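my_file-v4.cif follows (mmCIF, C-alpha atoms and all ligand atoms):
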data_structure
loop_
_atom_site.label_atom_id
_atom_site.label_comp_id
_atom_site.auth_asym_id
_atom_site.auth_seq_id
_atom_site.Cartn_x
_atom_site.Cartn_y
_atom_site.Cartn_z
CA MET L 256 -8.95 -6.15 27.69
CA ILE L 257 -7.13 -4.19 30.39
CA SER L 258 -3.79 -5.68 31.19
CA GLU L 259 -3.45 -5.76 34.98
CA LYS L 260 0.32 -5.69 34.87
CA ARG L 261 0.30 -2.64 32.63
CA PRO L 262 -2.65 -0.48 33.62
CA ARG L 263 -1.70 2.31 31.19
CA LEU L 264 -2.34 -0.08 28.30
CA THR L 265 -5.86 -0.58 27.21
CA SER L 266 -5.67 -3.66 25.05
CA LEU L 267 -3.64 -6.68 24.23
CA PHE L 268 -3.11 -7.67 20.64
CA LEU L 269 -1.37 -10.35 18.78
CA LEU L 270 -0.10 -10.47 15.25
CA LEU L 271 0.79 -13.68 13.57
CA GLY L 272 3.75 -14.53 11.47
CA SER L 273 5.64 -11.31 11.17
CA SER L 274 8.85 -12.83 10.07
CA THR L 275 11.49 -10.24 10.84
CA MET L 276 11.08 -7.27 13.10
CA LEU L 277 13.51 -4.69 11.83
CA PRO L 278 14.31 -1.66 13.93
CA PHE L 279 12.99 1.71 12.83
CA THR L 280 15.44 3.17 10.37
CA PRO L 281 16.08 6.87 9.70
CA LYS L 282 15.24 6.21 6.03
CA LYS L 283 12.47 8.35 4.54
CA PRO L 284 9.24 6.53 3.72
CA TRP L 285 10.05 7.07 0.06
CA SER L 286 13.39 5.86 -1.12
CA LYS L 287 14.72 5.86 -4.64
CA LEU L 288 16.79 2.80 -3.89
CA PRO L 289 15.71 -0.12 -6.05
CA SER L 290 13.81 -2.80 -4.13
CA GLN L 291 16.57 -5.37 -4.51
CA VAL L 292 18.66 -3.60 -1.91
CA GLN L 293 15.73 -3.03 0.45
CA PRO L 294 15.00 -5.50 3.21
CA ALA L 295 12.21 -7.92 2.32
CA VAL L 296 9.62 -7.09 4.93
CA HIS L 297 5.88 -7.15 5.11
CA VAL L 298 2.29 -6.10 5.85
CA ALA L 299 2.20 -7.25 9.50
CA GLN L 300 5.07 -4.93 10.29
CA GLU L 301 3.32 -1.97 8.71
CA VAL L 302 0.33 -2.66 10.97
CA THR L 303 2.57 -3.25 13.99
CA ASP L 304 4.16 0.17 13.53
CA ALA L 305 0.74 1.84 13.37
CA LEU L 306 -0.35 0.07 16.58
CA VAL L 307 2.89 0.81 18.42
CA VAL L 308 2.69 4.58 17.89
CA THR L 309 -0.69 4.71 19.63
CA LYS L 310 1.06 3.49 22.83
CA LYS L 311 -2.23 1.85 23.78
CA HIS L 312 -1.48 -1.78 23.16
CA GLU L 313 0.64 -4.60 24.33
CA ILE L 314 1.52 -6.60 21.23
CA ILE L 315 2.63 -10.18 20.94
CA LEU L 316 4.16 -11.23 17.63
CA LEU L 317 3.88 -14.91 16.91
CA THR L 318 6.50 -16.57 14.75
CA ARG L 319 7.65 -20.08 13.94
CA LYS L 320 11.22 -18.93 14.27
CA GLY L 321 13.36 -19.84 17.24
CA ILE L 322 14.43 -17.17 19.70
CA THR L 323 18.00 -17.19 18.35
CA GLU L 324 16.78 -16.40 14.82
CA LEU L 325 15.05 -13.20 15.91
CA PRO L 326 16.64 -9.76 15.70
CA PHE L 327 16.88 -8.18 19.11
CA ASN L 328 18.92 -5.12 18.25
CA LYS L 329 16.16 -2.62 18.92
CA PRO L 330 12.89 -4.05 20.19
CA LEU L 331 9.78 -1.91 19.82
CA PRO L 332 8.05 -0.71 22.98
CA ASN L 333 5.31 -3.05 24.25
CA VAL L 334 6.08 -5.63 21.58
CA ARG L 335 7.04 -9.15 22.53
CA TRP L 336 7.98 -12.08 20.31
CA VAL L 337 6.70 -15.56 21.04
CA THR L 338 7.76 -18.66 19.14
CA ALA L 339 4.71 -20.70 18.24
CA ASP L 340 4.16 -24.25 17.11
CA TYR L 341 0.95 -24.10 15.08
CA ASP L 342 0.55 -27.86 15.45
CA ASP L 343 0.18 -27.52 19.21
CA PRO L 344 -3.35 -26.17 19.86
CA ASP L 345 -3.00 -26.36 23.66
CA ARG L 346 0.10 -24.21 23.70
CA LEU L 347 -1.49 -21.79 21.22
CA SER L 348 -4.48 -21.38 23.44
CA GLU L 349 -2.18 -20.80 26.43
CA ILE L 350 -0.35 -18.04 24.52
CA LEU L 351 -3.68 -16.45 23.62
CA GLN L 352 -4.98 -16.26 27.18
CA GLY L 353 -5.89 -12.65 27.92
CA VAL L 354 -5.52 -11.55 24.31
CA ASP L 355 -8.26 -9.26 23.03
CA THR L 356 -7.67 -9.26 19.27
CA VAL L 357 -5.81 -11.57 16.92
CA LEU L 358 -4.66 -10.35 13.52
CA SER L 359 -3.41 -13.03 11.14
CA PHE L 360 -0.93 -12.43 8.31
CA ILE L 361 -0.12 -16.03 7.50
CA VAL L 362 0.60 -16.54 3.81
CA THR L 363 -2.25 -18.96 3.10
CA ARG L 364 -0.49 -20.38 0.04
CA SER L 365 2.24 -21.58 2.42
CA ASP L 366 -0.19 -23.06 4.94
CA PRO L 367 -1.33 -26.44 3.55
CA GLU L 368 -5.04 -27.04 4.25
CA ASN L 369 -4.98 -23.88 6.37
CA LYS L 370 -3.90 -26.02 9.27
CA ALA L 371 -1.99 -23.27 11.08
CA GLN L 372 -4.67 -20.62 10.65
CA LYS L 373 -7.51 -22.97 11.61
CA ASN L 374 -5.63 -24.01 14.73
CA VAL L 375 -5.18 -20.36 15.65
CA ILE L 376 -8.89 -19.69 15.13
CA ASP L 377 -9.84 -22.66 17.31
CA ALA L 378 -7.30 -21.67 19.97
CA SER L 379 -8.64 -18.10 19.90
CA VAL L 380 -12.15 -19.35 20.64
CA ARG L 381 -10.91 -21.57 23.47
CA ALA L 382 -8.85 -18.73 24.96
CA GLY L 383 -11.79 -16.31 24.87
CA VAL L 384 -10.26 -13.92 22.31
CA ARG L 385 -12.85 -11.27 21.43
CA ARG L 386 -11.93 -10.43 17.85
CA PHE L 387 -10.13 -12.01 14.95
CA ALA L 388 -8.96 -10.81 11.53
CA PRO L 389 -7.99 -13.63 9.17
CA SER L 390 -5.21 -13.27 6.63
CA GLU L 391 -7.21 -11.37 4.02
CA TRP L 392 -5.77 -7.90 3.46
CA ALA L 393 -6.52 -7.86 -0.26
CA THR L 394 -9.45 -8.61 -2.58
CA SER L 395 -13.23 -8.69 -2.21
CA SER L 396 -13.52 -12.09 -3.93
CA PHE L 397 -11.18 -14.70 -5.35
CA GLU L 398 -12.48 -15.53 -8.83
CA HIS L 399 -9.51 -16.61 -11.01
CA LEU L 400 -7.07 -16.07 -8.11
CA SER L 401 -6.13 -19.70 -7.46
CA TRP L 402 -3.33 -18.67 -5.09
CA TYR L 403 -5.96 -17.20 -2.73
CA ALA L 404 -7.96 -20.43 -2.38
CA GLY L 405 -6.89 -20.70 1.26
CA LYS L 406 -8.43 -17.31 2.06
CA ALA L 407 -11.74 -18.45 0.58
CA GLU L 408 -11.71 -21.58 2.72
CA ILE L 409 -11.01 -19.57 5.89
CA ARG L 410 -14.01 -17.34 5.12
CA GLU L 411 -16.18 -20.45 5.05
CA TYR L 412 -14.58 -21.78 8.22
CA LEU L 413 -15.34 -18.58 10.14
CA ALA L 414 -18.90 -18.37 8.81
CA GLU L 415 -19.51 -21.98 9.82
CA LEU L 416 -18.05 -21.36 13.28
CA ASN L 417 -20.58 -18.61 13.94
CA LYS L 418 -23.47 -20.31 12.17
CA ARG L 419 -25.56 -21.22 15.21
CA LYS L 420 -24.24 -18.67 17.67
CA LYS L 421 -21.57 -16.01 17.41
CA VAL L 422 -18.46 -17.41 19.06
CA LEU L 423 -15.83 -15.16 17.49
CA GLU L 424 -16.28 -11.63 16.17
CA TYR L 425 -14.28 -11.13 12.98
CA THR L 426 -13.76 -8.82 10.04
CA LEU L 427 -12.29 -9.42 6.60
CA PHE L 428 -10.02 -6.40 6.07
CA GLN L 429 -10.03 -5.71 2.32
CA PRO L 430 -8.00 -2.76 0.99
CA GLY L 431 -7.88 -3.85 -2.69
CA GLN L 432 -4.42 -3.41 -4.21
CA PHE L 433 -1.70 -1.43 -2.53
CA VAL L 434 -1.18 1.67 -4.65
CA ASP L 435 2.46 1.44 -3.54
CA TYR L 436 3.00 -1.26 -6.18
CA LEU L 437 2.55 1.34 -8.93
CA CYS L 438 5.85 2.82 -7.75
CA TYR L 439 7.83 -0.37 -8.41
CA PRO L 440 10.83 -0.77 -8.24
CA HIS L 441 10.84 1.90 -5.54
CA GLN L 442 9.72 1.28 -2.00
CA THR L 443 7.11 3.72 -0.71
CA SER L 444 6.20 2.23 2.64
CA ARG L 445 8.46 1.28 5.46
CA HIS L 446 7.92 -2.46 5.20
CA VAL L 447 5.89 -3.59 2.19
CA HIS L 448 8.18 -5.13 -0.38
CA PRO L 449 7.43 -3.65 -3.82
CA PHE L 450 6.85 -5.90 -6.80
CA GLN L 451 6.05 -5.30 -10.42
CA THR L 452 2.46 -5.38 -11.64
CA GLN L 453 0.89 -5.43 -15.08
CA ILE L 454 0.63 -1.63 -15.03
CA ASP L 455 4.28 -0.65 -14.87
CA PHE L 456 4.70 3.08 -14.32
CA ASN L 457 8.48 2.74 -14.29
CA ALA L 458 8.73 1.28 -17.81
CA ARG L 459 5.63 3.15 -19.05
CA ARG L 460 3.82 0.04 -20.19
CA ALA L 461 0.73 -1.99 -19.30
CA ILE L 462 -0.92 -5.31 -20.05
CA ILE L 463 -4.69 -5.30 -19.85
CA LEU L 464 -7.54 -7.59 -20.75
CA GLU L 465 -9.46 -6.61 -23.85
CA GLY L 466 -12.82 -5.25 -22.68
CA SER L 467 -11.67 -4.51 -19.12
CA GLU L 468 -10.80 -0.86 -19.76
CA ASN L 469 -13.60 0.33 -17.47
CA ALA L 470 -13.10 -2.31 -14.76
CA ARG L 471 -12.85 -0.54 -11.42
CA VAL L 472 -10.14 -1.25 -8.87
CA THR L 473 -9.63 -0.10 -5.31
CA LEU L 474 -6.21 1.35 -4.61
CA THR L 475 -5.24 1.91 -0.97
CA THR L 476 -1.83 2.87 0.37
CA ALA L 477 -0.17 0.36 2.69
CA LYS L 478 0.06 3.17 5.24
CA ASP L 479 -3.69 3.80 5.10
CA LEU L 480 -4.44 0.10 5.54
CA ALA L 481 -2.32 0.12 8.69
CA GLY L 482 -3.90 3.39 9.85
CA ILE L 483 -7.40 1.97 9.47
CA VAL L 484 -6.50 -1.27 11.27
CA ALA L 485 -5.07 0.71 14.18
CA ARG L 486 -8.36 2.60 14.47
CA ALA L 487 -10.46 -0.50 13.90
CA VAL L 488 -8.94 -2.25 16.91
CA GLU L 489 -10.02 0.72 19.03
CA TYR L 490 -13.49 0.76 17.49
CA GLU L 491 -15.70 -0.55 20.26
CA ALA L 492 -18.90 -1.45 18.40
CA GLU L 493 -19.15 -4.78 16.62
CA TRP L 494 -16.84 -5.29 13.65
CA PRO L 495 -18.55 -5.78 10.27
CA VAL L 496 -17.89 -9.19 8.71
CA VAL L 497 -16.94 -7.62 5.38
CA GLY L 498 -14.42 -4.89 6.10
CA GLY L 499 -13.82 -3.02 2.86
CA ILE L 500 -11.27 -0.19 2.95
CA LYS L 501 -11.49 2.08 -0.03
CA GLY L 502 -8.50 4.41 -0.33
CA ASP L 503 -9.51 5.29 -3.86
CA GLU L 504 -11.38 3.64 -6.72
CA ILE L 505 -10.52 4.17 -10.37
CA THR L 506 -10.74 2.36 -13.69
CA ILE L 507 -7.92 0.60 -15.51
CA THR L 508 -7.97 3.28 -18.22
CA GLU L 509 -7.80 6.04 -15.60
CA ILE L 510 -4.77 4.39 -13.95
CA ILE L 511 -2.96 4.29 -17.30
CA LYS L 512 -3.89 7.93 -18.05
CA LEU L 513 -2.66 8.92 -14.62
CA GLY L 514 0.57 7.05 -15.26
CA GLU L 515 1.04 8.85 -18.58
CA LYS L 516 0.52 12.21 -16.89
CA ILE L 517 2.84 11.46 -14.00
CA ARG L 518 5.54 9.76 -16.06
CA GLY L 519 5.32 12.38 -18.82
CA GLY L 520 4.72 10.17 -21.85
CA PRO L 521 2.50 7.52 -23.42
CA PHE L 522 2.32 3.94 -22.15
CA THR L 523 2.71 0.96 -24.46
CA VAL L 524 -0.47 -1.00 -23.81
CA GLU L 525 -0.82 -4.67 -24.77
CA LYS L 526 -4.33 -6.14 -24.78
CA LEU L 527 -4.82 -9.84 -24.16
CA LYS L 528 -7.94 -11.80 -25.08
CA VAL L 529 -10.19 -13.55 -22.58
CA GLU L 530 -10.44 -16.69 -24.71
CA ASP L 531 -6.63 -16.96 -24.91
CA LEU L 532 -6.21 -16.62 -21.15
CA LYS L 533 -8.97 -19.12 -20.46
CA ALA L 534 -7.16 -21.55 -22.80
CA GLY L 535 -3.94 -21.00 -20.87
CA ILE L 536 -2.34 -18.89 -23.62
CA VAL L 537 -0.63 -15.71 -22.43
CA LYS L 538 0.77 -13.78 -25.39
CA SER L 539 2.25 -10.66 -23.80
CA SER L 540 5.79 -9.64 -24.68
CA TRP L 541 6.72 -9.36 -20.98
CA PHE L 542 5.50 -10.69 -17.62
CA PRO L 543 5.40 -8.76 -14.35
CA LYS L 544 7.98 -10.12 -11.95
CA VAL L 545 6.01 -10.86 -8.78
CA ASP L 546 9.02 -11.44 -6.58
CA HIS L 547 7.16 -11.76 -3.31
CA PRO L 548 9.59 -12.78 -0.57
CA SER L 549 7.59 -15.98 0.10
CA LEU L 550 8.42 -17.22 -3.43
CA LEU L 551 11.64 -18.90 -4.46
CA PRO L 552 13.38 -17.26 -7.47
CA ALA L 553 12.46 -20.26 -9.64
CA GLU L 554 8.79 -19.95 -8.59
CA VAL L 555 8.78 -16.26 -9.54
CA GLU L 556 9.58 -17.34 -13.12
CA THR L 557 7.27 -20.34 -13.32
CA MET L 558 4.27 -18.60 -11.77
CA ALA L 559 4.54 -15.34 -13.72
CA LYS L 560 2.12 -16.32 -16.51
CA GLY L 561 -0.45 -17.76 -14.10
CA PHE L 562 -0.34 -14.68 -11.87
CA LEU L 563 -0.76 -12.34 -14.83
CA SER L 564 -3.60 -14.32 -16.34
CA GLY L 565 -5.40 -14.71 -12.99
CA MET L 566 -5.02 -11.01 -12.13
CA LEU L 567 -6.33 -9.84 -15.51
CA LEU L 568 -9.36 -12.16 -15.42
CA GLY L 569 -9.90 -11.41 -11.72
CA ILE L 570 -9.82 -7.63 -12.22
CA SER L 571 -12.36 -7.99 -14.98
CA ALA L 572 -14.55 -10.03 -12.60
CA GLY L 573 -14.28 -7.25 -9.98
CA VAL L 574 -12.01 -8.91 -7.39
CA LEU L 575 -10.06 -5.69 -6.79
CA ARG L 576 -13.16 -3.58 -6.30
CA VAL L 577 -13.88 -3.60 -2.59
CA SER L 578 -16.61 -2.09 -0.46
CA ASP L 579 -16.24 0.78 2.01
CA GLU L 580 -17.45 -0.48 5.40
CA TRP L 581 -14.44 0.87 7.30
CA ASN L 582 -14.60 4.23 5.48
CA ARG L 583 -18.16 4.61 6.73
CA LEU L 584 -17.40 3.44 10.28
CA LEU L 585 -14.35 5.71 10.57
CA PRO L 586 -15.50 8.81 8.63
CA ASP L 587 -12.82 11.09 10.11
CA TYR L 588 -9.98 9.05 8.65
CA GLU L 589 -8.29 10.92 5.80
CA PHE L 590 -7.08 8.67 3.02
CA THR L 591 -4.38 9.62 0.56
CA GLY L 592 -5.90 9.41 -2.92
CA ALA L 593 -4.08 7.51 -5.66
CA GLU L 594 -3.31 10.58 -7.77
CA ARG L 595 -1.82 12.54 -4.88
CA PHE L 596 0.16 9.58 -3.60
CA LEU L 597 1.58 8.63 -6.99
CA THR L 598 2.29 12.20 -8.10
CA GLU L 599 4.20 12.98 -4.92
CA ALA L 600 6.02 9.67 -4.95
CA TRP L 601 7.18 9.87 -8.57
CA GLU L 602 8.21 13.52 -8.18
CA ARG L 603 10.73 12.68 -5.48
N1 LIG L 701 -3.51 -5.91 -0.83
C1 LIG L 701 -2.29 -6.12 -1.27
O1 LIG L 701 -1.87 -5.51 -2.29
C2 LIG L 701 -1.41 -7.10 -0.53
C3 LIG L 701 -0.03 -7.11 -0.79
C4 LIG L 701 0.80 -7.98 -0.09
C5 LIG L 701 0.23 -8.86 0.83
N2 LIG L 701 -1.10 -8.85 1.06
C6 LIG L 701 -1.69 -9.80 2.03
O2 LIG L 701 -1.13 -9.53 3.32
C7 LIG L 701 -0.95 -10.75 4.05
C8 LIG L 701 0.48 -10.85 4.50
O3 LIG L 701 1.29 -10.84 3.36
P1 LIG L 701 2.84 -10.50 3.46
O4 LIG L 701 3.33 -10.33 2.09
O5 LIG L 701 3.04 -9.40 4.41
O6 LIG L 701 3.34 -11.86 4.08
P2 LIG L 701 4.79 -12.24 4.61
O7 LIG L 701 5.29 -11.18 5.53
O8 LIG L 701 5.64 -12.64 3.47
O9 LIG L 701 4.48 -13.53 5.46
C9 LIG L 701 3.78 -13.41 6.65
C10 LIG L 701 4.22 -14.50 7.57
O10 LIG L 701 3.39 -15.65 7.45
C11 LIG L 701 4.03 -16.64 8.21
N3 LIG L 701 3.75 -17.93 7.58
C12 LIG L 701 3.95 -18.32 6.31
N4 LIG L 701 3.58 -19.61 6.16
C13 LIG L 701 3.11 -20.01 7.36
C14 LIG L 701 2.60 -21.24 7.85
N5 LIG L 701 2.46 -22.31 7.07
N6 LIG L 701 2.24 -21.29 9.13
C15 LIG L 701 2.37 -20.22 9.93
N7 LIG L 701 2.86 -19.04 9.52
C16 LIG L 701 3.24 -18.95 8.25
C17 LIG L 701 5.53 -16.34 8.21
O11 LIG L 701 5.93 -16.02 9.56
P3 LIG L 701 7.08 -16.77 10.39
O12 LIG L 701 8.02 -17.33 9.38
O13 LIG L 701 7.65 -15.69 11.23
O14 LIG L 701 6.38 -17.80 11.20
C18 LIG L 701 5.58 -15.11 7.35
O15 LIG L 701 6.56 -14.20 7.74
C19 LIG L 701 -1.40 -11.87 3.12
O16 LIG L 701 -2.71 -12.21 3.43
C20 LIG L 701 -1.34 -11.24 1.73
O17 LIG L 701 -2.25 -11.83 0.83
C21 LIG L 701 -1.92 -7.98 0.41
#
Have the structure of the file written as structure tokens, please.
Amino acid sequence: MISEKRPRLTSLFLLLGSSTMLPFTPKKPWSKLPSQVQPAVHVAQEVTDALVVTKKHEIILLTRKGITELPFNKPLPNVRWVTADYDDPDRLSEILQGVDTVLSFIVTRSDPENKAQKNVIDASVRAGVRRFAPSEWATSSFEHLSWYAGKAEIREYLAELNKRKKVLEYTLFQPGQFVDYLCYPHQTSRHVHPFQTQIDFNARRAIILEGSENARVTLTTAKDLAGIVARAVEYEAEWPVVGGIKGDEITITEIIKLGEKIRGGPFTVEKLKVEDLKAGIVKSSWFPKVDHPSLLPAEVETMAKGFLSGMLLGISAGVLRVSDEWNRLLPDYEFTGAERFLTEAWER
């Protein structure tokens, strides 16, 4: 929508739950500092940056934090923070008045029964929001990924909402896995916190599922996800419901070969058996440390086996292979392929 107060802006957007807005830093996108000394910041901020540089949008960032908890040292242009109570649908719908597009980044695992996200969806409809993107930003499906159950439920909720008549246009942005994670422990994007995965370029080792060597996975850089979202919000025709974003697609074996080439030596590969994982037995000699900032240190330890097992079974079932709807709708967008990205990153 055109904001009357700011005629030079063409649209009004809102991002949910971006916890800390850090000022731009002079740091290069690639830093050899280990992640532990990097700020723990996230996907919504990567997208916010990409929207801000277009200078076309007025952005509202919704947070549960109080005004005094927010950093005000260097606010971004046309970005405004609003404290939201997700249990107050009337107030939510007031905040959303005049908003064109809502992008949600709520961690569904931390949103019991999806109460907050459902309230935002309902408030968006009541406020006349045109477009909505739920907190997807990852896989095509959720088989074996118990921690993504909330995303699956929100898909059903949105489909049900539009069953009789379309009341809210939406797209499920799906970039697969961020290729940035293959640079752990180094941070390759401005905001996405790196964590270790089962293919560990740094330690030249991998854990795979026996028989999944040719399973295909989509690898997209965090920067390309943000770049596509910034173009998608300007895309005037109707959004596709499934919004696959395919930066690159390669097999598990090809990722390991690429790692060996880039890291200059063979990887130690451990192969786990499907029947063991399905019986809850995870026999690897190490476990990737998924230290996502939303997890407590104790949870990182206790959930490590479950994450590994779910990811290995999920990859084999094709959860990380996404479609290419946004590639086809935005054919001029130039993605950075996995090999180029990883080669350049590990060379620095
Ligand atoms: N494809 C990939 O490889 C990949 C990697 C990472 C993440 N992702 C996806 O990207 C999305 C964002 O992840 P992230 O790591 O960037 O998240 P995050 O920044 O850690 O969290 C996003 C925000 O969600 C808000 N939030 C959490 N629980 C909430 C609740 N119950 N009610 C309302 N708000 C709540 C918090 O905001 P406030 O505290 O400010 O309210 C939090 O800062 C997720 O859907 C995730 O699955 C994908």
- Task: Within 7 Å of ligand LIG 701 (chain L), which residues show up when you count only C-alpha atoms and all ligand atoms? List them as a ChimeraX atom specification, please.
- Result: /L:271-275,296-299,317-320,341,360-363,365-367,371,390-394,430-433,447,547-549
- Please work out which residues fall within 8 Å of (-7.5, 3.8, 0.4), coordinates as given in the file, with only C-alpha atoms counting, and return them as a PyMOL selection string. chain L and resi 430+473-476+479-480+500-503+590-593
- Task: Go ahead and compute the interatomic distance for atom CA of Phe562 of chain L and atom CA of Phe596 of chain L, in Å to one decimal.
- Result: 25.6 Å
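Distances from L:Leu575, L:Val354, L:Ile463, L:Ile570 to Ile511 of chain L were compared using all atoms listed in the file, and the smallest one belongs to L:Ile463.
Going from atom CA of Thr338 of chain L to atom CA of Leu427 of chain L covers 25.4 Å.
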- Message: Within 9 Å of (-11.6, -11.1, -3.2) in the file's own coordinates, which protein, DNA or RNA residues have an atom, counting all atoms listed in the file? List them as a PyMOL selection string.
- Response: chain L and resi 391+393-398+400+403+406-407+429+431+569+573-577
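Minimum atom-to-atom distance to Glu465 of chain L, evaluated using all atoms listed in the file, belongs to L:Lys528 out of L:Arg335, L:Lys528, L:Lys373, L:Lys310.
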- Message: So, with only C-alpha atoms as the atoms that count, which of L:Trp494, L:Trp402, L:Trp581, L:Phe450 lies closest to Gly561 of chain L?
- Response: L:Trp402
- Task: Using atom CA of Asp355 of chain L and atom CA of Ala481 of chain L as the two end points, give the distance in Å to one decimal.
- Result: 18.1 Å
- Write out as a ChimeraX atom specification which residues come within 9 Å of Tyr588 of chain L when counting all atoms listed in the file, dropping same-chain ones fewer than 6 positions away. /L:479,482-483,486,582
Generate the output file for the selected residues, C-alpha atoms, as a compact mmCIF listing (two decimals), keeping the file's coordinate frame.
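Result written to result_39.txt:
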# COMPACT_ATOMS: atom_id res chain seq x y z
CA ASP L 479 -3.69 3.80 5.10
CA GLY L 482 -3.90 3.39 9.85
CA ILE L 483 -7.40 1.97 9.47
CA ARG L 486 -8.36 2.60 14.47
CA ASN L 582 -14.60 4.23 5.48
- Message: Just checking: using all atoms listed in the file, which residue out of L:Ala414, L:Ala492, L:Ile314, L:Val545 ends up closest to His448 of chain L?
- Response: L:Val545
- Proximity to Glu530 of chain L - best of L:Val484, L:Leu568, L:Ile510, L:Ala477, only C-alpha atoms: L:Leu568
- Message: Can you tell me which residues surround segment 381-384 of chain L at a distance of at most 12 Å, considering only C-alpha atoms, apart from same-chain residues fewer than 3 positions away, and format the answer as a PyMOL selection string?
- Response: chain L and resi 256+266-269+344-358+374-378+387-388+422-425
- Query: What's the 9 Å shell around Glu515 of chain L, counting all atoms listed in the file, without same-chain residues fewer than 6 positions away, as a ChimeraX atom specification?
  - Reply: /L:456,459,521-522
